[in-house]
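S.K.: I'd like to ask some things about the structure below.
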Amino acid sequence: MDWIPRVTIFHCINSLEDIESLNINIDYPFEIRSVKMPCSGMTKEVYLLKAFEAGADAVIVLMCPEGECRFVEGNIRARKRIERARRLLDEIGIQGDRLSAVSLEPGNEAEIVQMILRTVAAVRELGPNPAADPASAAGPITENSDQDQHSLTFAEKTDDCRRAKTVCGNQKTRMAV
Amino acid sequence: MIVGEQKPFAEIKKLVWPYERLLILGCGTCVKTCFAGGEDEVAVLASAIRLAFKKERKPISVEELTIERQCENGFIGASAPSVARNQAVLSLACGAGVQAVARRFANIPVLPGVNTGFIGVLEKQGLFTEECSGCGNCRLAVFGGVCPITRCAKKLLNGPCGGSRSGKCEVNPETDCAWQLIIDRLTALGQLDNLKAYFPPTDWRSGSARGPRKLFREDHVI
């Protein structure tokens with residue numbers, strides 16, 4: 001069955017202001033959801049797992065390069081949590097390779113686009129998230145589909161989450177299952 | 001505090017597999033501090049269990065709750081409504097907490113999700129070390145605040161074994177030699193004479209060798 005891959009990207013706003021600014025051209029459809037974070041150090045294992053519960057086929061955490069985090073060590077902490085979550089995903093049986101951590105210089109939008117495209121290509125190889133609820137999946141592409149197969153589907157996009165809170169309320173709501 | 005770590009996910013999955021309504025009960029004291037059973041760990045495990053069951057297309061409802069302490073009946077009571085809604089409880093407390101919850105709720109399986117380790121301290125962020133064996137006869141005043149029963153692999157009370165190298169234990173080179181620490185500490189305190197005391201073979205009955213222990217405080221009993 002063909003299906004529309006779903007990618008959720010958690011991004012530090014210092015590494016990427018807004019995913020809507022990206023210019024993505026691709027010859028097959030996919031769906032991308034974004035969650036803004038004031039720092040990648042806000043990454044928690046449960047957010048990553050809940051993204052998969054919500055139907056993501058792949059999850060990317062985009063962070064600043066090591067040594068360039070405004071909060072000094074947020075990206076280092078994020079990377080360690082992501083590694084732990086990857087191991088847990090392997091234990092669950094839904095492939096830790098679906099979760100990736102990417103460090104990129106701020107403003108390097110072309111590289112971010114390439115990274116997203118590489119992720120989509122990789123997830124097409126892996127296939128759908130085996131734990132995704134069929135009812136919430138993006139669904140197969142049919143001949144009568146209204147989907148523009150050359151366009152990027154911004155299925156959901158979070159509002160700005162810059163309000164400094166331990167856990168962004170918007171993020172919590174977004175990730176609730 | 002009691003230090004423990006969550007069981008491997010595969011083992012937990014096997015424990016909870018027969019059930020369709022599960023309460024994951026966290027404990028907000030010791031195991032929360034060592035990242036084994038607080039709110040965050042309950043949430044992660046709940047999500048992981050849901051994903052594992054969804055993958056197998058097996059229905060599961062997971063309720064999450066963390067109470068202040070599972071080793072006190074007064075706090076356990078707060079979980080009664082949640083326990084009543086579920087078929088099993090996966091407790092993320094230490095072994096004492098699991099048993100206290102099981103004692104309170106006789107008609108529901110209470111499963112352990114944590115392997116209880118030791119009485120220890122948070123040495124630095126993310127590192128917990130064993131410091132106390134609960135021997136029931138504390139002699140830390142003599143040994144400058146370093147416990148040879150817990151921290152010496154050979155539990156020696158009358159001086160070092162002679163096998164340490166560069167201040168490290170010959171049993172495990174990553175462990176500081178307790179006797180090196182004791183001597184350094186007593187030297188700094190000017191109390192090296194403490195080591196002239198002779199300790200006869202230990203009577204372990206004050207510890208766990210006599211079976212489960214009880215502490216009764218008559219003044220607190222009405």
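Note on naming: chains are A, B, ... as they come in the structure tokens, residues start from 1 per chain, ligands start from 1 in the order shown.
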For the interface of chain A with chain B (cut-off 10 Å, counting only C-alpha atoms), please tabulate each contacting residue of chain A alongside its nearest pair of atoms and their separation in Å to one decimal, rows sorted by chain and increasing number, as CSV.
M.R.:
```
residue,atom,partner,partner_atom,distance
A:Lys44,CA,B:Asp40,CA,8.8
A:Glu45,CA,B:Val44,CA,6.5
A:Val46,CA,B:Val44,CA,4.8
A:Tyr47,CA,B:Val44,CA,8.5
A:Leu48,CA,B:Val44,CA,9.3
A:Leu49,CA,B:Ser47,CA,6.2
A:Lys50,CA,B:Ser47,CA,6.5
A:Ala51,CA,B:Ser47,CA,9.9
A:Phe52,CA,B:Leu51,CA,7.9
A:Glu53,CA,B:Leu51,CA,6.3
A:Ala54,CA,B:Leu51,CA,9.9
A:Ala85,CA,B:Val44,CA,9.2
A:Leu88,CA,B:Phe9,CA,7.6
A:Leu89,CA,B:Ala48,CA,7.8
A:Glu91,CA,B:Phe9,CA,6.7
A:Ile92,CA,B:Ala52,CA,5.3
A:Gly93,CA,B:Ala52,CA,7.2
A:Ile94,CA,B:Lys55,CA,7.8
A:Asn129,CA,B:Lys55,CA,8.5
A:Pro130,CA,B:Lys55,CA,5.3
A:Ala131,CA,B:Lys55,CA,4.0
A:Ala132,CA,B:Lys54,CA,7.1
A:Asp133,CA,B:Lys54,CA,7.1
A:Pro134,CA,B:Lys54,CA,9.8
A:Val177,CA,B:Ser47,CA,9.5
```
S.K.: Store the residues of this selection in a file with N, CA and C atoms, as a short mmCIF file (atom, residue, chain, number, x, y, z; two decimals), in the first residue's frame.
M.R.:
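Output file part_24.cif is given in full below:
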```
data_model
loop_
_atom_site.label_atom_id
_atom_site.label_comp_id
_atom_site.auth_asym_id
_atom_site.auth_seq_id
_atom_site.Cartn_x
_atom_site.Cartn_y
_atom_site.Cartn_z
N LYS A 44 12.09 16.17 25.33
CA LYS A 44 11.92 15.12 26.32
C LYS A 44 11.52 13.84 25.58
N GLU A 45 11.92 12.74 26.16
CA GLU A 45 11.61 11.45 25.51
C GLU A 45 10.12 11.31 25.25
N VAL A 46 9.31 11.74 26.20
CA VAL A 46 7.88 11.51 26.06
C VAL A 46 7.31 12.27 24.87
N TYR A 47 7.84 13.46 24.57
CA TYR A 47 7.35 14.21 23.41
C TYR A 47 7.64 13.44 22.12
N LEU A 48 8.84 12.86 22.09
CA LEU A 48 9.24 12.13 20.88
C LEU A 48 8.37 10.89 20.69
N LEU A 49 8.13 10.17 21.79
CA LEU A 49 7.31 8.97 21.69
C LEU A 49 5.87 9.32 21.32
N LYS A 50 5.40 10.44 21.88
CA LYS A 50 4.01 10.81 21.59
C LYS A 50 3.84 11.25 20.13
N ALA A 51 4.90 11.77 19.57
CA ALA A 51 4.83 12.09 18.14
C ALA A 51 4.60 10.81 17.34
N PHE A 52 5.27 9.74 17.73
CA PHE A 52 5.06 8.46 17.04
C PHE A 52 3.66 7.92 17.34
N GLU A 53 3.21 8.11 18.57
CA GLU A 53 1.84 7.69 18.90
C GLU A 53 0.83 8.42 18.03
N ALA A 54 1.14 9.70 17.75
CA ALA A 54 0.22 10.52 16.94
C ALA A 54 0.29 10.17 15.46
N ALA A 85 15.93 7.60 23.56
CA ALA A 85 14.63 7.33 22.92
C ALA A 85 14.80 6.40 21.73
N LEU A 88 14.98 2.95 22.99
CA LEU A 88 13.66 2.49 23.42
C LEU A 88 12.79 2.13 22.22
N LEU A 89 12.88 2.93 21.18
CA LEU A 89 12.10 2.63 19.97
C LEU A 89 12.52 1.29 19.38
N GLU A 91 13.66 -1.20 21.12
CA GLU A 91 13.11 -2.22 22.01
C GLU A 91 11.62 -2.42 21.75
N ILE A 92 10.94 -1.32 21.47
CA ILE A 92 9.50 -1.41 21.18
C ILE A 92 9.28 -2.14 19.86
N GLY A 93 10.24 -2.00 18.97
CA GLY A 93 10.12 -2.68 17.68
C GLY A 93 9.66 -1.77 16.57
N ILE A 94 9.82 -0.45 16.75
CA ILE A 94 9.42 0.43 15.64
C ILE A 94 10.62 1.22 15.09
N ASN A 129 5.06 3.75 10.02
CA ASN A 129 5.23 3.48 11.44
C ASN A 129 4.33 2.30 11.82
N PRO A 130 4.91 1.17 12.24
CA PRO A 130 4.06 -0.01 12.50
C PRO A 130 3.12 0.16 13.68
N ALA A 131 3.35 1.20 14.49
CA ALA A 131 2.47 1.41 15.65
C ALA A 131 1.45 2.51 15.40
N ALA A 132 1.44 3.04 14.20
CA ALA A 132 0.49 4.12 13.90
C ALA A 132 -0.92 3.58 13.90
N ASP A 133 -1.80 4.38 14.44
CA ASP A 133 -3.22 4.02 14.43
C ASP A 133 -3.71 4.15 12.99
N PRO A 134 -4.23 3.08 12.39
CA PRO A 134 -4.66 3.18 10.98
C PRO A 134 -5.65 4.32 10.76
N VAL A 177 -2.43 12.65 23.12
CA VAL A 177 -3.01 11.57 22.33
C VAL A 177 -4.32 11.16 22.98
#
```
S.K.: Residues of stretch 190-214 of chain B within 12 Å of stretch 148-169 of chain B: nearest atom pair and distance (Å, one decimal) for each, counting only C-alpha atoms, sorted by chain and number, as a Markdown table?
M.R.:
```
| residue | atom | partner | partner_atom | distance |
| --- | --- | --- | --- | --- |
| B:Leu192 | CA | B:Gly159 | CA | 11.5 |
| B:Asn194 | CA | B:Asn158 | CA | 10.7 |
| B:Leu195 | CA | B:Asn158 | CA | 7.4 |
| B:Lys196 | CA | B:Asn158 | CA | 8.7 |
| B:Ala197 | CA | B:Asn158 | CA | 8.1 |
| B:Tyr198 | CA | B:Asn158 | CA | 6.4 |
| B:Phe199 | CA | B:Asn158 | CA | 6.4 |
| B:Pro200 | CA | B:Leu157 | CA | 8.7 |
| B:Pro201 | CA | B:Leu157 | CA | 8.9 |
| B:Thr202 | CA | B:Leu157 | CA | 9.0 |
| B:Trp204 | CA | B:Ile149 | CA | 11.1 |
| B:Gly207 | CA | B:Ile149 | CA | 11.5 |
```
S.K.: Could you list, as number ranges by chain, every residue within 10 Å of stretch 129-135 of chain B, counting only C-alpha atoms and ignoring same-chain residues fewer than 4 positions away?
M.R.: B: 1-3, 117-124, 139, 146-151, 203-209
S.K.: For N, CA and C atoms, I'd like the residues from the last selection saved as a compact mmCIF listing (two decimals), in the first residue's frame.
M.R.:
```
# COMPACT_ATOMS: atom_id res chain seq x y z
N MET B 1 18.81 7.88 49.86
CA MET B 1 17.58 7.47 49.18
C MET B 1 17.76 6.06 48.61
N ILE B 2 16.61 5.48 48.25
CA ILE B 2 16.65 4.18 47.58
C ILE B 2 16.91 4.43 46.09
N VAL B 3 17.90 3.73 45.57
CA VAL B 3 18.25 3.91 44.16
C VAL B 3 17.83 2.66 43.37
N GLY B 117 17.93 -1.08 43.70
CA GLY B 117 19.37 -1.31 43.77
C GLY B 117 19.95 -1.20 45.17
N PHE B 118 20.01 0.03 45.68
CA PHE B 118 20.75 0.23 46.92
C PHE B 118 20.35 1.54 47.59
N ILE B 119 20.90 1.72 48.81
CA ILE B 119 20.74 3.01 49.48
C ILE B 119 21.95 3.85 49.07
N GLY B 120 21.69 4.97 48.43
CA GLY B 120 22.82 5.71 47.89
C GLY B 120 22.62 7.21 47.91
N VAL B 121 23.55 7.89 47.29
CA VAL B 121 23.48 9.34 47.19
C VAL B 121 23.64 9.75 45.72
N LEU B 122 23.16 10.95 45.45
CA LEU B 122 23.38 11.54 44.13
C LEU B 122 24.75 12.19 44.18
N GLU B 123 25.73 11.52 43.62
CA GLU B 123 27.10 12.04 43.70
C GLU B 123 27.28 13.24 42.78
N LYS B 124 26.75 13.13 41.59
CA LYS B 124 26.65 14.28 40.68
C LYS B 124 25.49 13.97 39.74
N ARG B 139 28.80 2.70 62.32
CA ARG B 139 30.10 3.02 62.92
C ARG B 139 30.82 4.10 62.15
N VAL B 146 33.09 7.42 56.31
CA VAL B 146 33.18 6.54 55.12
C VAL B 146 32.90 5.12 55.58
N CYS B 147 31.91 4.47 54.99
CA CYS B 147 31.49 3.16 55.48
C CYS B 147 32.27 2.02 54.82
N PRO B 148 33.09 1.32 55.61
CA PRO B 148 33.84 0.20 55.00
C PRO B 148 32.96 -1.01 54.71
N ILE B 149 31.85 -1.13 55.39
CA ILE B 149 30.97 -2.27 55.13
C ILE B 149 30.36 -2.16 53.74
N THR B 150 30.00 -0.94 53.36
CA THR B 150 29.38 -0.74 52.05
C THR B 150 30.41 -0.50 50.95
N ARG B 151 31.41 0.27 51.27
CA ARG B 151 32.27 0.78 50.21
C ARG B 151 33.58 0.01 50.03
N ASP B 203 28.70 -9.09 64.32
CA ASP B 203 27.43 -9.76 64.57
C ASP B 203 26.42 -9.16 63.58
N TRP B 204 26.12 -9.91 62.54
CA TRP B 204 25.28 -9.38 61.47
C TRP B 204 23.80 -9.42 61.80
N ARG B 205 23.47 -9.85 63.01
CA ARG B 205 22.04 -9.95 63.33
C ARG B 205 21.34 -8.60 63.37
N SER B 206 22.10 -7.53 63.54
CA SER B 206 21.45 -6.21 63.52
C SER B 206 21.07 -5.83 62.08
N GLY B 207 21.61 -6.55 61.12
CA GLY B 207 21.27 -6.30 59.72
C GLY B 207 20.21 -7.26 59.24
N SER B 208 20.26 -7.59 57.96
CA SER B 208 19.20 -8.41 57.39
C SER B 208 19.40 -9.91 57.65
N ALA B 209 20.52 -10.28 58.29
CA ALA B 209 20.80 -11.71 58.48
C ALA B 209 19.80 -12.40 59.39
```
S.K.: Could you give me the residues within stretch 33-157 of chain B that DSSP places in strand (DSSP E or B), as a short mmCIF file (atom, residue, chain, number, x, y, z; two decimals) with N, CA and C atoms, in the first residue's frame?
M.R.:
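Output saved as states_8.cif:
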```cif
data_model
loop_
_atom_site.label_atom_id
_atom_site.label_comp_id
_atom_site.auth_asym_id
_atom_site.auth_seq_id
_atom_site.Cartn_x
_atom_site.Cartn_y
_atom_site.Cartn_z
N SER B 61 -5.36 0.19 27.44
CA SER B 61 -5.64 1.50 28.00
C SER B 61 -4.67 1.69 29.16
N VAL B 62 -3.91 2.75 29.11
CA VAL B 62 -2.89 2.97 30.14
C VAL B 62 -3.22 4.26 30.90
N GLU B 63 -3.41 4.12 32.18
CA GLU B 63 -3.64 5.29 33.03
C GLU B 63 -2.35 5.61 33.77
N GLU B 64 -2.08 6.89 33.91
CA GLU B 64 -0.83 7.31 34.57
C GLU B 64 -1.15 8.04 35.87
N LEU B 65 -0.41 7.70 36.90
CA LEU B 65 -0.59 8.39 38.18
C LEU B 65 0.71 8.29 38.96
N THR B 66 1.09 9.39 39.58
CA THR B 66 2.26 9.36 40.47
C THR B 66 1.83 9.91 41.82
N ILE B 67 2.09 9.14 42.86
CA ILE B 67 1.75 9.59 44.21
C ILE B 67 3.04 9.97 44.95
N ALA B 88 -4.64 -4.17 36.34
CA ALA B 88 -3.34 -4.43 36.97
C ALA B 88 -2.66 -3.10 37.24
N VAL B 89 -1.75 -3.14 38.21
CA VAL B 89 -0.94 -1.95 38.53
C VAL B 89 0.52 -2.28 38.24
N LEU B 90 1.14 -1.43 37.44
CA LEU B 90 2.59 -1.54 37.25
C LEU B 90 3.22 -0.47 38.13
N SER B 91 3.84 -0.90 39.20
CA SER B 91 4.40 0.04 40.16
C SER B 91 5.84 0.37 39.79
N VAL B 110 -0.19 -6.44 41.37
CA VAL B 110 0.72 -5.28 41.43
C VAL B 110 2.08 -5.76 40.94
N LEU B 111 2.50 -5.22 39.82
CA LEU B 111 3.70 -5.72 39.13
C LEU B 111 4.86 -4.75 39.33
N PRO B 112 6.08 -5.26 39.49
CA PRO B 112 7.22 -4.36 39.67
C PRO B 112 7.78 -3.90 38.33
N VAL B 114 10.47 -1.68 38.44
CA VAL B 114 11.79 -1.15 38.78
C VAL B 114 12.59 -2.24 39.48
N ASN B 115 13.87 -2.32 39.17
CA ASN B 115 14.78 -3.15 39.94
C ASN B 115 15.43 -2.28 41.01
N THR B 116 15.11 -2.58 42.27
CA THR B 116 15.64 -1.78 43.36
C THR B 116 17.12 -2.10 43.56
N GLY B 117 17.93 -1.08 43.70
CA GLY B 117 19.37 -1.31 43.77
C GLY B 117 19.95 -1.20 45.17
N PHE B 118 20.01 0.03 45.68
CA PHE B 118 20.75 0.23 46.92
C PHE B 118 20.35 1.54 47.59
N ILE B 119 20.90 1.72 48.81
CA ILE B 119 20.74 3.01 49.48
C ILE B 119 21.95 3.85 49.07
N GLY B 120 21.69 4.97 48.43
CA GLY B 120 22.82 5.71 47.89
C GLY B 120 22.62 7.21 47.91
N VAL B 121 23.55 7.89 47.29
CA VAL B 121 23.48 9.34 47.19
C VAL B 121 23.64 9.75 45.72
N LEU B 122 23.16 10.95 45.45
CA LEU B 122 23.38 11.54 44.13
C LEU B 122 24.75 12.19 44.18
N GLU B 123 25.73 11.52 43.62
CA GLU B 123 27.10 12.04 43.70
C GLU B 123 27.28 13.24 42.78
N LYS B 124 26.75 13.13 41.59
CA LYS B 124 26.65 14.28 40.68
C LYS B 124 25.49 13.97 39.74
N LEU B 127 24.67 10.44 38.40
CA LEU B 127 25.52 9.40 39.00
C LEU B 127 25.10 9.15 40.44
N PHE B 128 24.70 7.93 40.71
CA PHE B 128 24.26 7.54 42.05
C PHE B 128 25.21 6.48 42.57
N THR B 129 25.62 6.61 43.81
CA THR B 129 26.59 5.67 44.36
C THR B 129 26.07 5.07 45.66
N GLU B 130 26.40 3.81 45.88
CA GLU B 130 25.95 3.11 47.08
C GLU B 130 26.79 3.56 48.27
N GLU B 131 26.11 3.90 49.36
CA GLU B 131 26.83 4.42 50.53
C GLU B 131 26.45 3.72 51.82
N CYS B 132 25.36 3.01 51.84
CA CYS B 132 24.88 2.44 53.11
C CYS B 132 24.28 1.07 52.85
#
```
S.K.: If you run DSSP on the backbone here, which positions in stretch 30-167 of chain B get helix (DSSP H, G or I)? Please write them as an NGL selection string.
M.R.: :B and (30-33 or 39-55 or 73-84 or 95-104 or 148-151)
S.K.: Which of these, B:Lys32, B:Lys58, B:Arg104, B:Lys14, has the shortest distance to B:Ser79 once you count only C-alpha atoms?
M.R.: B:Arg104
S.K.: Choose the residue, out of B:Thr33, B:Arg103, B:Gly113, B:Ile76, that has the smallest atom-to-atom separation from B:Val16; count only C-alpha atoms.
M.R.: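 Using only C-alpha atoms, the shortest distance to B:Val16 belongs to B:Gly113.
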S.K.: So what do you get for atom CA of A:Val72 versus atom CA of B:Glu174, distance-wise?
M.R.: 29.5 Å
S.K.: Have a look at atom CA of A:Ile13 and atom CA of A:Arg81 and let me know their distance in Å, one decimal.
M.R.: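 The value is 18.8 Å.
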S.K.: Pick out the closest residue to B:Thr29 from this set: B:Ala100, B:Ile60, B:Ala141, B:Cys94. Count only C-alpha atoms.
M.R.: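 When distances to B:Thr29 are compared using only C-alpha atoms, the smallest one comes from B:Cys94.
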